[in-house]
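Trainee: Contents of target-v4.pdb (PDB, N, CA and C atoms and all ligand atoms) are given next:
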```
MODEL        1
ATOM      1  N   MET I   1      25.246  18.812   5.055
ATOM      2  CA  MET I   1      24.434  19.854   5.685
ATOM      3  C   MET I   1      24.497  19.693   7.204
ATOM      4  N   ALA I   2      25.186  20.563   7.873
ATOM      5  CA  ALA I   2      25.324  20.471   9.325
ATOM      6  C   ALA I   2      23.960  20.605   9.998
ATOM      7  N   GLY I   3      23.692  19.760  10.984
ATOM      8  CA  GLY I   3      22.446  19.846  11.726
ATOM      9  C   GLY I   3      21.270  19.196  11.038
ATOM     10  N   ASN I   4      21.506  18.651   9.874
ATOM     11  CA  ASN I   4      20.412  18.016   9.160
ATOM     12  C   ASN I   4      20.582  16.507   9.160
ATOM     13  N   ALA I   5      19.493  15.833   8.918
ATOM     14  CA  ALA I   5      19.503  14.377   8.966
ATOM     15  C   ALA I   5      19.394  13.800   7.564
ATOM     16  N   ARG I   6      20.164  12.739   7.328
ATOM     17  CA  ARG I   6      20.054  12.034   6.051
ATOM     18  C   ARG I   6      18.817  11.153   6.106
ATOM     19  N   LEU I   7      17.947  11.323   5.137
ATOM     20  CA  LEU I   7      16.732  10.506   5.069
ATOM     21  C   LEU I   7      16.973   9.203   4.334
ATOM     22  N   CYS I   8      17.596   9.324   3.165
ATOM     23  CA  CYS I   8      17.792   8.154   2.314
ATOM     24  C   CYS I   8      18.665   8.557   1.138
ATOM     25  N   ALA I   9      19.028   7.579   0.335
ATOM     26  CA  ALA I   9      19.649   7.880  -0.951
ATOM     27  C   ALA I   9      18.548   8.310  -1.916
ATOM     28  N   LEU I  10      18.861   9.243  -2.794
ATOM     29  CA  LEU I  10      17.856   9.654  -3.776
ATOM     30  C   LEU I  10      17.366   8.446  -4.570
ATOM     31  N   ASP I  11      18.262   7.522  -4.853
ATOM     32  CA  ASP I  11      17.881   6.343  -5.636
ATOM     33  C   ASP I  11      16.988   5.368  -4.871
ATOM     34  N   ASP I  12      16.795   5.596  -3.569
ATOM     35  CA  ASP I  12      15.833   4.782  -2.825
ATOM     36  C   ASP I  12      14.391   5.152  -3.185
ATOM     37  N   ILE I  13      14.223   6.316  -3.820
ATOM     38  CA  ILE I  13      12.892   6.758  -4.248
ATOM     39  C   ILE I  13      12.824   6.579  -5.760
ATOM     40  N   PRO I  14      11.867   5.825  -6.268
ATOM     41  CA  PRO I  14      11.790   5.651  -7.727
ATOM     42  C   PRO I  14      11.573   6.988  -8.423
ATOM     43  N   ASP I  15      12.257   7.205  -9.548
ATOM     44  CA  ASP I  15      12.055   8.447 -10.289
ATOM     45  C   ASP I  15      10.593   8.525 -10.725
ATOM     46  N   GLY I  16       9.958   9.642 -10.393
ATOM     47  CA  GLY I  16       8.537   9.790 -10.676
ATOM     48  C   GLY I  16       7.662   9.263  -9.554
ATOM     49  N   GLY I  17       8.264   8.736  -8.500
ATOM     50  CA  GLY I  17       7.518   8.122  -7.409
ATOM     51  C   GLY I  17       7.588   8.923  -6.118
ATOM     52  N   ALA I  18       7.200   8.267  -5.047
ATOM     53  CA  ALA I  18       7.121   8.906  -3.740
ATOM     54  C   ALA I  18       7.409   7.878  -2.664
ATOM     55  N   LYS I  19       7.832   8.375  -1.504
ATOM     56  CA  LYS I  19       8.137   7.482  -0.389
ATOM     57  C   LYS I  19       7.743   8.174   0.910
ATOM     58  N   GLY I  20       7.178   7.417   1.827
ATOM     59  CA  GLY I  20       6.804   7.963   3.123
ATOM     60  C   GLY I  20       7.886   7.704   4.159
ATOM     61  N   PHE I  21       8.022   8.646   5.103
ATOM     62  CA  PHE I  21       8.995   8.508   6.192
ATOM     63  C   PHE I  21       8.268   8.717   7.504
ATOM     64  N   ASP I  22       8.373   7.714   8.367
ATOM     65  CA  ASP I  22       7.694   7.737   9.647
ATOM     66  C   ASP I  22       8.498   8.543  10.665
ATOM     67  N   ALA I  23       7.834   9.473  11.327
ATOM     68  CA  ALA I  23       8.522  10.361  12.265
ATOM     69  C   ALA I  23       9.248   9.575  13.344
ATOM     70  N   GLY I  24       8.570   8.588  13.914
ATOM     71  CA  GLY I  24       9.177   7.834  15.004
ATOM     72  C   GLY I  24      10.404   7.068  14.565
ATOM     73  N   THR I  25      10.318   6.442  13.405
ATOM     74  CA  THR I  25      11.426   5.648  12.896
ATOM     75  C   THR I  25      12.603   6.514  12.494
ATOM     76  N   CYS I  26      12.297   7.693  11.939
ATOM     77  CA  CYS I  26      13.347   8.525  11.349
ATOM     78  C   CYS I  26      13.791   9.668  12.257
ATOM     79  N   GLY I  27      13.204   9.792  13.443
ATOM     80  CA  GLY I  27      13.601  10.876  14.333
ATOM     81  C   GLY I  27      13.176  12.247  13.839
ATOM     82  N   LEU I  28      12.034  12.312  13.158
ATOM     83  CA  LEU I  28      11.531  13.566  12.603
ATOM     84  C   LEU I  28      10.424  14.123  13.491
ATOM     85  N   ALA I  29      10.132  15.405  13.306
ATOM     86  CA  ALA I  29       9.040  16.022  14.060
ATOM     87  C   ALA I  29       7.686  15.510  13.569
ATOM     88  N   GLU I  30       7.584  15.218  12.269
ATOM     89  CA  GLU I  30       6.306  14.777  11.689
ATOM     90  C   GLU I  30       6.576  13.785  10.568
ATOM     91  N   ASP I  31       5.562  12.990  10.249
ATOM     92  CA  ASP I  31       5.681  12.073   9.115
ATOM     93  C   ASP I  31       5.827  12.877   7.826
ATOM     94  N   LEU I  32       6.660  12.387   6.930
ATOM     95  CA  LEU I  32       6.925  13.117   5.687
ATOM     96  C   LEU I  32       6.616  12.266   4.463
ATOM     97  N   ILE I  33       6.314  12.974   3.374
ATOM     98  CA  ILE I  33       6.247  12.393   2.033
ATOM     99  C   ILE I  33       7.378  13.025   1.243
ATOM    100  N   VAL I  34       8.204  12.213   0.590
ATOM    101  CA  VAL I  34       9.241  12.754  -0.288
ATOM    102  C   VAL I  34       8.985  12.224  -1.688
ATOM    103  N   LEU I  35       8.981  13.138  -2.643
ATOM    104  CA  LEU I  35       8.715  12.783  -4.037
ATOM    105  C   LEU I  35       9.961  13.073  -4.863
ATOM    106  N   ARG I  36      10.185  12.243  -5.860
ATOM    107  CA  ARG I  36      11.358  12.429  -6.715
ATOM    108  C   ARG I  36      10.932  12.683  -8.150
ATOM    109  N   ARG I  37      11.573  13.665  -8.739
ATOM    110  CA  ARG I  37      11.421  13.935 -10.164
ATOM    111  C   ARG I  37      12.815  14.145 -10.722
ATOM    112  N   GLY I  38      13.397  13.117 -11.298
ATOM    113  CA  GLY I  38      14.769  13.197 -11.797
ATOM    114  C   GLY I  38      15.732  13.392 -10.650
ATOM    115  N   ARG I  39      16.524  14.470 -10.710
ATOM    116  CA  ARG I  39      17.494  14.764  -9.648
ATOM    117  C   ARG I  39      16.892  15.673  -8.590
ATOM    118  N   ASP I  40      15.629  16.053  -8.736
ATOM    119  CA  ASP I  40      14.962  16.920  -7.767
ATOM    120  C   ASP I  40      14.122  16.088  -6.813
ATOM    121  N   ALA I  41      13.964  16.606  -5.593
ATOM    122  CA  ALA I  41      13.095  15.965  -4.605
ATOM    123  C   ALA I  41      12.273  17.047  -3.908
ATOM    124  N   PHE I  42      11.070  16.673  -3.522
ATOM    125  CA  PHE I  42      10.126  17.590  -2.881
ATOM    126  C   PHE I  42       9.574  16.877  -1.650
ATOM    127  N   ALA I  43       9.370  17.632  -0.579
ATOM    128  CA  ALA I  43       8.899  16.989   0.658
ATOM    129  C   ALA I  43       7.763  17.787   1.277
ATOM    130  N   TYR I  44       6.822  17.039   1.870
ATOM    131  CA  TYR I  44       5.661  17.642   2.540
ATOM    132  C   TYR I  44       5.366  16.856   3.812
ATOM    133  N   VAL I  45       4.796  17.559   4.779
ATOM    134  CA  VAL I  45       4.259  16.872   5.940
ATOM    135  C   VAL I  45       3.101  15.999   5.468
ATOM    136  N   ASN I  46       3.061  14.765   5.950
ATOM    137  CA  ASN I  46       2.020  13.823   5.522
ATOM    138  C   ASN I  46       0.728  14.064   6.308
ATOM    139  N   ARG I  47       0.098  15.188   5.983
ATOM    140  CA  ARG I  47      -1.134  15.565   6.682
ATOM    141  C   ARG I  47      -1.992  16.376   5.710
ATOM    142  N   CYS I  48      -3.156  15.847   5.407
ATOM    143  CA  CYS I  48      -4.036  16.525   4.453
ATOM    144  C   CYS I  48      -4.596  17.811   5.074
ATOM    145  N   PRO I  49      -4.581  18.930   4.316
ATOM    146  CA  PRO I  49      -5.130  20.176   4.866
ATOM    147  C   PRO I  49      -6.645  20.138   5.051
ATOM    148  N   HIS I  50      -7.317  19.120   4.507
ATOM    149  CA  HIS I  50      -8.767  19.040   4.678
ATOM    150  C   HIS I  50      -9.119  18.631   6.104
ATOM    151  N   GLN I  51      -8.775  17.421   6.508
ATOM    152  CA  GLN I  51      -9.134  16.953   7.856
ATOM    153  C   GLN I  51      -7.957  16.429   8.650
ATOM    154  N   GLY I  52      -6.758  16.636   8.129
ATOM    155  CA  GLY I  52      -5.568  16.324   8.911
ATOM    156  C   GLY I  52      -5.140  14.876   8.912
ATOM    157  N   THR I  53      -5.709  14.062   8.045
ATOM    158  CA  THR I  53      -5.325  12.646   7.997
ATOM    159  C   THR I  53      -4.059  12.475   7.158
ATOM    160  N   PRO I  54      -3.332  11.364   7.370
ATOM    161  CA  PRO I  54      -2.260  11.027   6.430
ATOM    162  C   PRO I  54      -2.867  10.801   5.044
ATOM    163  N   LEU I  55      -2.075  11.039   4.009
ATOM    164  CA  LEU I  55      -2.649  10.930   2.659
ATOM    165  C   LEU I  55      -2.870   9.484   2.213
ATOM    166  N   GLU I  56      -1.980   8.588   2.624
ATOM    167  CA  GLU I  56      -1.999   7.256   2.015
ATOM    168  C   GLU I  56      -2.766   6.233   2.854
ATOM    169  N   THR I  57      -3.275   5.212   2.150
ATOM    170  CA  THR I  57      -3.835   4.037   2.806
ATOM    171  C   THR I  57      -2.805   2.923   2.828
ATOM    172  N   PHE I  58      -2.077   2.777   1.737
ATOM    173  CA  PHE I  58      -1.054   1.739   1.618
ATOM    174  C   PHE I  58       0.321   2.402   1.578
ATOM    175  N   PRO I  59       1.347   1.739   2.116
ATOM    176  CA  PRO I  59       2.667   2.362   2.190
ATOM    177  C   PRO I  59       3.160   2.885   0.844
ATOM    178  N   ASP I  60       3.618   4.110   0.856
ATOM    179  CA  ASP I  60       4.256   4.751  -0.307
ATOM    180  C   ASP I  60       3.316   4.949  -1.501
ATOM    181  N   ARG I  61       2.005   4.798  -1.288
ATOM    182  CA  ARG I  61       1.048   5.018  -2.385
ATOM    183  C   ARG I  61       0.456   6.422  -2.237
ATOM    184  N   PHE I  62       1.151   7.390  -2.807
ATOM    185  CA  PHE I  62       0.758   8.786  -2.633
ATOM    186  C   PHE I  62       0.249   9.430  -3.917
ATOM    187  N   LEU I  63       0.410   8.766  -5.059
ATOM    188  CA  LEU I  63       0.088   9.393  -6.333
ATOM    189  C   LEU I  63      -1.200   8.834  -6.915
ATOM    190  N   ASP I  64      -1.888   9.674  -7.692
ATOM    191  CA  ASP I  64      -3.099   9.193  -8.353
ATOM    192  C   ASP I  64      -2.723   8.343  -9.568
ATOM    193  N   GLN I  65      -3.720   7.899 -10.307
ATOM    194  CA  GLN I  65      -3.450   6.968 -11.401
ATOM    195  C   GLN I  65      -2.641   7.590 -12.535
ATOM    196  N   THR I  66      -2.634   8.930 -12.618
ATOM    197  CA  THR I  66      -1.833   9.588 -13.644
ATOM    198  C   THR I  66      -0.367   9.641 -13.243
ATOM    199  N   GLY I  67      -0.081   9.523 -11.951
ATOM    200  CA  GLY I  67       1.284   9.672 -11.462
ATOM    201  C   GLY I  67       1.734  11.113 -11.390
ATOM    202  N   GLU I  68       0.853  12.026 -11.741
ATOM    203  CA  GLU I  68       1.206  13.449 -11.809
ATOM    204  C   GLU I  68       0.809  14.209 -10.561
ATOM    205  N   LEU I  69      -0.122  13.684  -9.793
ATOM    206  CA  LEU I  69      -0.646  14.406  -8.630
ATOM    207  C   LEU I  69      -0.654  13.505  -7.407
ATOM    208  N   LEU I  70      -0.389  14.113  -6.246
ATOM    209  CA  LEU I  70      -0.619  13.416  -4.976
ATOM    210  C   LEU I  70      -2.117  13.315  -4.770
ATOM    211  N   ILE I  71      -2.543  12.247  -4.127
ATOM    212  CA  ILE I  71      -3.966  12.085  -3.829
ATOM    213  C   ILE I  71      -4.144  11.709  -2.364
ATOM    214  N   CYS I  72      -5.126  12.332  -1.728
ATOM    215  CA  CYS I  72      -5.481  11.953  -0.364
ATOM    216  C   CYS I  72      -6.490  10.819  -0.446
ATOM    217  N   SER I  73      -6.188   9.712   0.213
ATOM    218  CA  SER I  73      -7.057   8.544   0.113
ATOM    219  C   SER I  73      -8.347   8.709   0.911
ATOM    220  N   THR I  74      -8.437   9.744   1.755
ATOM    221  CA  THR I  74      -9.648   9.899   2.567
ATOM    222  C   THR I  74     -10.815  10.440   1.739
ATOM    223  N   HIS I  75     -10.631  11.565   1.075
ATOM    224  CA  HIS I  75     -11.716  12.140   0.268
ATOM    225  C   HIS I  75     -11.264  12.509  -1.142
ATOM    226  N   GLY I  76     -10.081  12.125  -1.541
ATOM    227  CA  GLY I  76      -9.672  12.265  -2.938
ATOM    228  C   GLY I  76      -9.103  13.603  -3.350
ATOM    229  N   ALA I  77      -8.703  14.459  -2.431
ATOM    230  CA  ALA I  77      -8.080  15.720  -2.835
ATOM    231  C   ALA I  77      -6.804  15.435  -3.634
ATOM    232  N   ARG I  78      -6.560  16.272  -4.644
ATOM    233  CA  ARG I  78      -5.369  16.117  -5.494
ATOM    234  C   ARG I  78      -4.444  17.317  -5.303
ATOM    235  N   PHE I  79      -3.135  17.049  -5.229
ATOM    236  CA  PHE I  79      -2.129  18.083  -4.955
ATOM    237  C   PHE I  79      -1.015  18.004  -5.991
ATOM    238  N   ARG I  80      -0.512  19.183  -6.390
ATOM    239  CA  ARG I  80       0.626  19.209  -7.308
ATOM    240  C   ARG I  80       1.896  18.739  -6.592
ATOM    241  N   VAL I  81       2.742  18.013  -7.335
ATOM    242  CA  VAL I  81       3.980  17.484  -6.754
ATOM    243  C   VAL I  81       4.940  18.608  -6.397
ATOM    244  N   ARG I  82       5.061  19.616  -7.279
ATOM    245  CA  ARG I  82       6.141  20.591  -7.115
ATOM    246  C   ARG I  82       5.878  21.663  -6.070
ATOM    247  N   ASP I  83       4.612  21.881  -5.694
ATOM    248  CA  ASP I  83       4.363  22.905  -4.666
ATOM    249  C   ASP I  83       3.292  22.501  -3.649
ATOM    250  N   GLY I  84       2.716  21.306  -3.797
ATOM    251  CA  GLY I  84       1.750  20.819  -2.814
ATOM    252  C   GLY I  84       0.403  21.506  -2.858
ATOM    253  N   PHE I  85       0.160  22.297  -3.887
ATOM    254  CA  PHE I  85      -1.097  23.046  -3.991
ATOM    255  C   PHE I  85      -2.243  22.105  -4.368
ATOM    256  N   CYS I  86      -3.360  22.246  -3.684
ATOM    257  CA  CYS I  86      -4.519  21.392  -3.951
ATOM    258  C   CYS I  86      -5.297  21.954  -5.140
ATOM    259  N   VAL I  87      -5.338  21.175  -6.223
ATOM    260  CA  VAL I  87      -6.006  21.621  -7.442
ATOM    261  C   VAL I  87      -7.429  21.071  -7.557
ATOM    262  N   LYS I  88      -7.787  20.095  -6.711
ATOM    263  CA  LYS I  88      -9.115  19.488  -6.833
ATOM    264  C   LYS I  88      -9.468  18.814  -5.515
ATOM    265  N   GLY I  89     -10.726  18.899  -5.125
ATOM    266  CA  GLY I  89     -11.170  18.213  -3.918
ATOM    267  C   GLY I  89     -11.669  19.185  -2.871
ATOM    268  N   PRO I  90     -11.997  18.661  -1.676
ATOM    269  CA  PRO I  90     -12.650  19.477  -0.660
ATOM    270  C   PRO I  90     -11.771  20.572  -0.071
ATOM    271  N   CYS I  91     -10.455  20.493  -0.263
ATOM    272  CA  CYS I  91      -9.575  21.563   0.241
ATOM    273  C   CYS I  91      -8.894  22.294  -0.911
ATOM    274  N   GLU I  92      -9.583  22.356  -2.060
ATOM    275  CA  GLU I  92      -9.050  23.049  -3.230
ATOM    276  C   GLU I  92      -8.599  24.452  -2.848
ATOM    277  N   GLY I  93      -7.382  24.813  -3.276
ATOM    278  CA  GLY I  93      -6.830  26.123  -2.962
ATOM    279  C   GLY I  93      -5.934  26.127  -1.736
ATOM    280  N   ALA I  94      -6.004  25.067  -0.923
ATOM    281  CA  ALA I  94      -5.094  24.935   0.221
ATOM    282  C   ALA I  94      -3.827  24.215  -0.253
ATOM    283  N   SER I  95      -2.872  24.067   0.625
ATOM    284  CA  SER I  95      -1.610  23.408   0.252
ATOM    285  C   SER I  95      -1.135  22.482   1.355
ATOM    286  N   LEU I  96      -0.442  21.437   0.927
ATOM    287  CA  LEU I  96       0.317  20.630   1.878
ATOM    288  C   LEU I  96       1.426  21.491   2.467
ATOM    289  N   GLN I  97       1.861  21.161   3.672
ATOM    290  CA  GLN I  97       2.936  21.923   4.306
ATOM    291  C   GLN I  97       4.280  21.460   3.760
ATOM    292  N   ALA I  98       4.948  22.348   3.039
ATOM    293  CA  ALA I  98       6.240  22.004   2.447
ATOM    294  C   ALA I  98       7.315  21.891   3.525
ATOM    295  N   VAL I  99       8.270  21.008   3.277
ATOM    296  CA  VAL I  99       9.399  20.801   4.179
ATOM    297  C   VAL I  99      10.675  20.981   3.367
ATOM    298  N   ALA I 100      11.591  21.769   3.898
ATOM    299  CA  ALA I 100      12.847  22.017   3.180
ATOM    300  C   ALA I 100      13.723  20.775   3.220
ATOM    301  N   ILE I 101      14.128  20.332   2.051
ATOM    302  CA  ILE I 101      15.069  19.220   1.960
ATOM    303  C   ILE I 101      16.141  19.596   0.955
ATOM    304  N   ALA I 102      17.193  18.836   0.935
ATOM    305  CA  ALA I 102      18.277  19.078  -0.012
ATOM    306  C   ALA I 102      18.799  17.749  -0.508
ATOM    307  N   VAL I 103      19.223  17.741  -1.761
ATOM    308  CA  VAL I 103      19.871  16.569  -2.338
ATOM    309  C   VAL I 103      21.341  16.911  -2.517
ATOM    310  N   GLU I 104      22.193  16.156  -1.839
ATOM    311  CA  GLU I 104      23.637  16.388  -1.931
ATOM    312  C   GLU I 104      24.345  15.068  -2.116
ATOM    313  N   ASP I 105      25.165  14.993  -3.158
ATOM    314  CA  ASP I 105      25.938  13.789  -3.440
ATOM    315  C   ASP I 105      25.070  12.533  -3.450
ATOM    316  N   GLY I 106      23.850  12.687  -3.984
ATOM    317  CA  GLY I 106      22.985  11.521  -4.146
ATOM    318  C   GLY I 106      22.197  11.134  -2.909
ATOM    319  N   ASP I 107      22.303  11.923  -1.841
ATOM    320  CA  ASP I 107      21.544  11.644  -0.637
ATOM    321  C   ASP I 107      20.544  12.774  -0.370
ATOM    322  N   VAL I 108      19.440  12.407   0.288
ATOM    323  CA  VAL I 108      18.386  13.376   0.625
ATOM    324  C   VAL I 108      18.499  13.720   2.114
ATOM    325  N   PHE I 109      18.582  15.019   2.398
ATOM    326  CA  PHE I 109      18.713  15.505   3.784
ATOM    327  C   PHE I 109      17.524  16.374   4.144
ATOM    328  N   VAL I 110      17.147  16.321   5.414
ATOM    329  CA  VAL I 110      16.059  17.156   5.909
ATOM    330  C   VAL I 110      16.469  17.740   7.245
ATOM    331  N   SER I 111      15.958  18.949   7.563
ATOM    332  CA  SER I 111      16.206  19.530   8.884
ATOM    333  C   SER I 111      15.381  18.779   9.918
ATOM    334  N   ARG I 112      15.967  18.530  11.046
ATOM    335  CA  ARG I 112      15.218  17.865  12.132
ATOM    336  C   ARG I 112      14.412  18.898  12.903
TER     337      ARG I 112
HETATM  338  S1  LIG L 201      -8.904  14.411   4.579
HETATM  339 FE1  LIG L 201      -7.873  14.570   2.671
HETATM  340  S2  LIG L 201      -9.431  15.038   1.257
HETATM  341 FE2  LIG L 201     -10.458  14.925   3.174
ENDMDL
END
```
Now that the file is in, can you turn its structure into structure tokens?
Mentor:
Amino acid sequence: MAGNARLCALDDIPDGGAKGFDAGTCGLAEDLIVLRRGRDAFAYVNRCPHQGTPLETFPDRFLDQTGELLICSTHGARFRVRDGFCVKGPCEGASLQAVAIAVEDGDVFVSR
């Protein structure tokens, strides 16, 4: 993908898991969360629509105990993995800001 940056290998993200990317380290405009489901990957800006905090307290810990939803560690809002929609919590009905990414030849790319 011309003009895009390689974030990581898809296999660097556990299937069913999530990984955080620091803007400063990765040369991105904002911190990102990338989630993997099989050969698919989904990315969001790491900023809760409720009060604008990063979602995680501990590195790469973005999912609730079910592993099915993202959780904000500040007030517990829950978000769907595939579209970032908040299904529960103080910002119910809002969404995480999606970021376009692509998986090509086993690598994950994002626009800078
Ligand atoms: S800042 Fe995320 S739920 Fe309040």
Trainee: What is the distance between atom N of Leu96 in chain I and CA of Asn4 in chain I, in Å to one decimal?
Mentor: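 Spanning atom N of Leu96 in chain I to CA of Asn4 in chain I is a straight-line distance of 22.7 Å.
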Trainee: List the residues selected by the PyMOL selection byres (((chain I and resi 10) around 6.5) and not hetatm) in the file shown, writing them as a VMD selection string.
Mentor: chain I and resid 8 to 9 11 to 14 106 to 108
Trainee: Do you have the CA of Leu69 in chain I-CA of Thr53 in chain I distance handy?
Mentor: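 These two atoms are separated by 17.4 Å.
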Trainee: Report as number ranges by chain which protein, DNA and RNA residues come within 6.5 Å of ligand LIG 201 (chain L), using only N, CA and C atoms and all ligand atoms.
Mentor: I: 48-53, 55, 72-77, 89-91
Trainee: Identify, on the basis of only N, CA and C atoms, every residue whose closest approach to Val34 in chain I does not exceed 6.5 Å; exclude the query and any residue fewer than 6 positions from it along the same chain; express the result as a PyMOL selection string.
Mentor: chain I and resi 17-21+41-44
Trainee: Write down as a PyMOL selection string the residues of chain I whose backbone DSSP state falls under strand (DSSP E).
Mentor: chain I and resi 4-9+18-21+32-37+40-45+69-71+78-80+86-88+98-99+101-104+107-111
Trainee: Save out the residues we just selected, N, CA and C atoms, as a short mmCIF file (atom, residue, chain, number, x, y, z; two decimals), keeping the file's coordinate frame.
Mentor:
```cif
data_model
loop_
_atom_site.label_atom_id
_atom_site.label_comp_id
_atom_site.auth_asym_id
_atom_site.auth_seq_id
_atom_site.Cartn_x
_atom_site.Cartn_y
_atom_site.Cartn_z
N ASN I 4 21.51 18.65 9.87
CA ASN I 4 20.41 18.02 9.16
C ASN I 4 20.58 16.51 9.16
N ALA I 5 19.49 15.83 8.92
CA ALA I 5 19.50 14.38 8.97
C ALA I 5 19.39 13.80 7.56
N ARG I 6 20.16 12.74 7.33
CA ARG I 6 20.05 12.03 6.05
C ARG I 6 18.82 11.15 6.11
N LEU I 7 17.95 11.32 5.14
CA LEU I 7 16.73 10.51 5.07
C LEU I 7 16.97 9.20 4.33
N CYS I 8 17.60 9.32 3.16
CA CYS I 8 17.79 8.15 2.31
C CYS I 8 18.66 8.56 1.14
N ALA I 9 19.03 7.58 0.34
CA ALA I 9 19.65 7.88 -0.95
C ALA I 9 18.55 8.31 -1.92
N ALA I 18 7.20 8.27 -5.05
CA ALA I 18 7.12 8.91 -3.74
C ALA I 18 7.41 7.88 -2.66
N LYS I 19 7.83 8.38 -1.50
CA LYS I 19 8.14 7.48 -0.39
C LYS I 19 7.74 8.17 0.91
N GLY I 20 7.18 7.42 1.83
CA GLY I 20 6.80 7.96 3.12
C GLY I 20 7.89 7.70 4.16
N PHE I 21 8.02 8.65 5.10
CA PHE I 21 8.99 8.51 6.19
C PHE I 21 8.27 8.72 7.50
N LEU I 32 6.66 12.39 6.93
CA LEU I 32 6.92 13.12 5.69
C LEU I 32 6.62 12.27 4.46
N ILE I 33 6.31 12.97 3.37
CA ILE I 33 6.25 12.39 2.03
C ILE I 33 7.38 13.02 1.24
N VAL I 34 8.20 12.21 0.59
CA VAL I 34 9.24 12.75 -0.29
C VAL I 34 8.98 12.22 -1.69
N LEU I 35 8.98 13.14 -2.64
CA LEU I 35 8.72 12.78 -4.04
C LEU I 35 9.96 13.07 -4.86
N ARG I 36 10.18 12.24 -5.86
CA ARG I 36 11.36 12.43 -6.72
C ARG I 36 10.93 12.68 -8.15
N ARG I 37 11.57 13.66 -8.74
CA ARG I 37 11.42 13.94 -10.16
C ARG I 37 12.82 14.14 -10.72
N ASP I 40 15.63 16.05 -8.74
CA ASP I 40 14.96 16.92 -7.77
C ASP I 40 14.12 16.09 -6.81
N ALA I 41 13.96 16.61 -5.59
CA ALA I 41 13.10 15.96 -4.61
C ALA I 41 12.27 17.05 -3.91
N PHE I 42 11.07 16.67 -3.52
CA PHE I 42 10.13 17.59 -2.88
C PHE I 42 9.57 16.88 -1.65
N ALA I 43 9.37 17.63 -0.58
CA ALA I 43 8.90 16.99 0.66
C ALA I 43 7.76 17.79 1.28
N TYR I 44 6.82 17.04 1.87
CA TYR I 44 5.66 17.64 2.54
C TYR I 44 5.37 16.86 3.81
N VAL I 45 4.80 17.56 4.78
CA VAL I 45 4.26 16.87 5.94
C VAL I 45 3.10 16.00 5.47
N LEU I 69 -0.12 13.68 -9.79
CA LEU I 69 -0.65 14.41 -8.63
C LEU I 69 -0.65 13.50 -7.41
N LEU I 70 -0.39 14.11 -6.25
CA LEU I 70 -0.62 13.42 -4.98
C LEU I 70 -2.12 13.32 -4.77
N ILE I 71 -2.54 12.25 -4.13
CA ILE I 71 -3.97 12.08 -3.83
C ILE I 71 -4.14 11.71 -2.36
N ARG I 78 -6.56 16.27 -4.64
CA ARG I 78 -5.37 16.12 -5.49
C ARG I 78 -4.44 17.32 -5.30
N PHE I 79 -3.14 17.05 -5.23
CA PHE I 79 -2.13 18.08 -4.96
C PHE I 79 -1.01 18.00 -5.99
N ARG I 80 -0.51 19.18 -6.39
CA ARG I 80 0.63 19.21 -7.31
C ARG I 80 1.90 18.74 -6.59
N CYS I 86 -3.36 22.25 -3.68
CA CYS I 86 -4.52 21.39 -3.95
C CYS I 86 -5.30 21.95 -5.14
N VAL I 87 -5.34 21.18 -6.22
CA VAL I 87 -6.01 21.62 -7.44
C VAL I 87 -7.43 21.07 -7.56
N LYS I 88 -7.79 20.10 -6.71
CA LYS I 88 -9.12 19.49 -6.83
C LYS I 88 -9.47 18.81 -5.52
N ALA I 98 4.95 22.35 3.04
CA ALA I 98 6.24 22.00 2.45
C ALA I 98 7.32 21.89 3.52
N VAL I 99 8.27 21.01 3.28
CA VAL I 99 9.40 20.80 4.18
C VAL I 99 10.68 20.98 3.37
N ILE I 101 14.13 20.33 2.05
CA ILE I 101 15.07 19.22 1.96
C ILE I 101 16.14 19.60 0.96
N ALA I 102 17.19 18.84 0.94
CA ALA I 102 18.28 19.08 -0.01
C ALA I 102 18.80 17.75 -0.51
N VAL I 103 19.22 17.74 -1.76
CA VAL I 103 19.87 16.57 -2.34
C VAL I 103 21.34 16.91 -2.52
N GLU I 104 22.19 16.16 -1.84
CA GLU I 104 23.64 16.39 -1.93
C GLU I 104 24.34 15.07 -2.12
N ASP I 107 22.30 11.92 -1.84
CA ASP I 107 21.54 11.64 -0.64
C ASP I 107 20.54 12.77 -0.37
N VAL I 108 19.44 12.41 0.29
CA VAL I 108 18.39 13.38 0.62
C VAL I 108 18.50 13.72 2.11
N PHE I 109 18.58 15.02 2.40
CA PHE I 109 18.71 15.50 3.78
C PHE I 109 17.52 16.37 4.14
N VAL I 110 17.15 16.32 5.41
CA VAL I 110 16.06 17.16 5.91
C VAL I 110 16.47 17.74 7.24
N SER I 111 15.96 18.95 7.56
CA SER I 111 16.21 19.53 8.88
C SER I 111 15.38 18.78 9.92
#
```
Trainee: Taking 6 positions as the minimum chain separation for residues in the same chain, which residues sit within 6 Å of range 23-32 of chain I when counting only N, CA and C atoms? Answer as an MDAnalysis selection string.
Mentor: chainID I and resid 44:46 112
Trainee: Could you tell me how far atom C of Asp83 in chain I sits from atom N of Ala98 in chain I, in Å to one decimal place?
Mentor: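 The value is 6.9 Å.
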Trainee: Where does the PyMOL selection byres (((chain I and resi 111) around 6) and not hetatm) land in this file, that is, which residues does it pick, as a list in words?
Mentor: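 On the file shown, the PyMOL selection byres (((chain I and resi 111) around 6) and not hetatm) covers Gly3, Asn4, Ala5, Ala100, Ile101, Phe109, Val110 and Arg112 of chain I.
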Trainee: Going by DSSP on the backbone, which residues of chain I come out as alpha helix (DSSP H)? List them as a ChimeraX atom specification.
Mentor: /I:23-26
Trainee: Between I:Asp64, I:Gly16, I:Gln97, I:Ile33, which is the closest to Phe85 in chain I once you count all atoms listed in the file?
Mentor: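 Going through I:Asp64, I:Gly16, I:Gln97, I:Ile33 one by one, the smallest distance to Phe85 in chain I is for I:Gln97.
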Trainee: Using only C-alpha atoms, which of the listed residues (I:Gly93, I:Asp15, I:Ala102, I:Arg82) sits closest to Arg36 in chain I?
Mentor: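 Closest residue, counting only C-alpha atoms: I:Asp15.
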Trainee: Looking at all atoms listed in the file, which of I:Arg61, I:Arg39, I:Arg6, I:Arg47 is the one that sits closest to Ser95 in chain I?
Mentor: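 That would be I:Arg47, the residue with the smallest distance to Ser95 in chain I.
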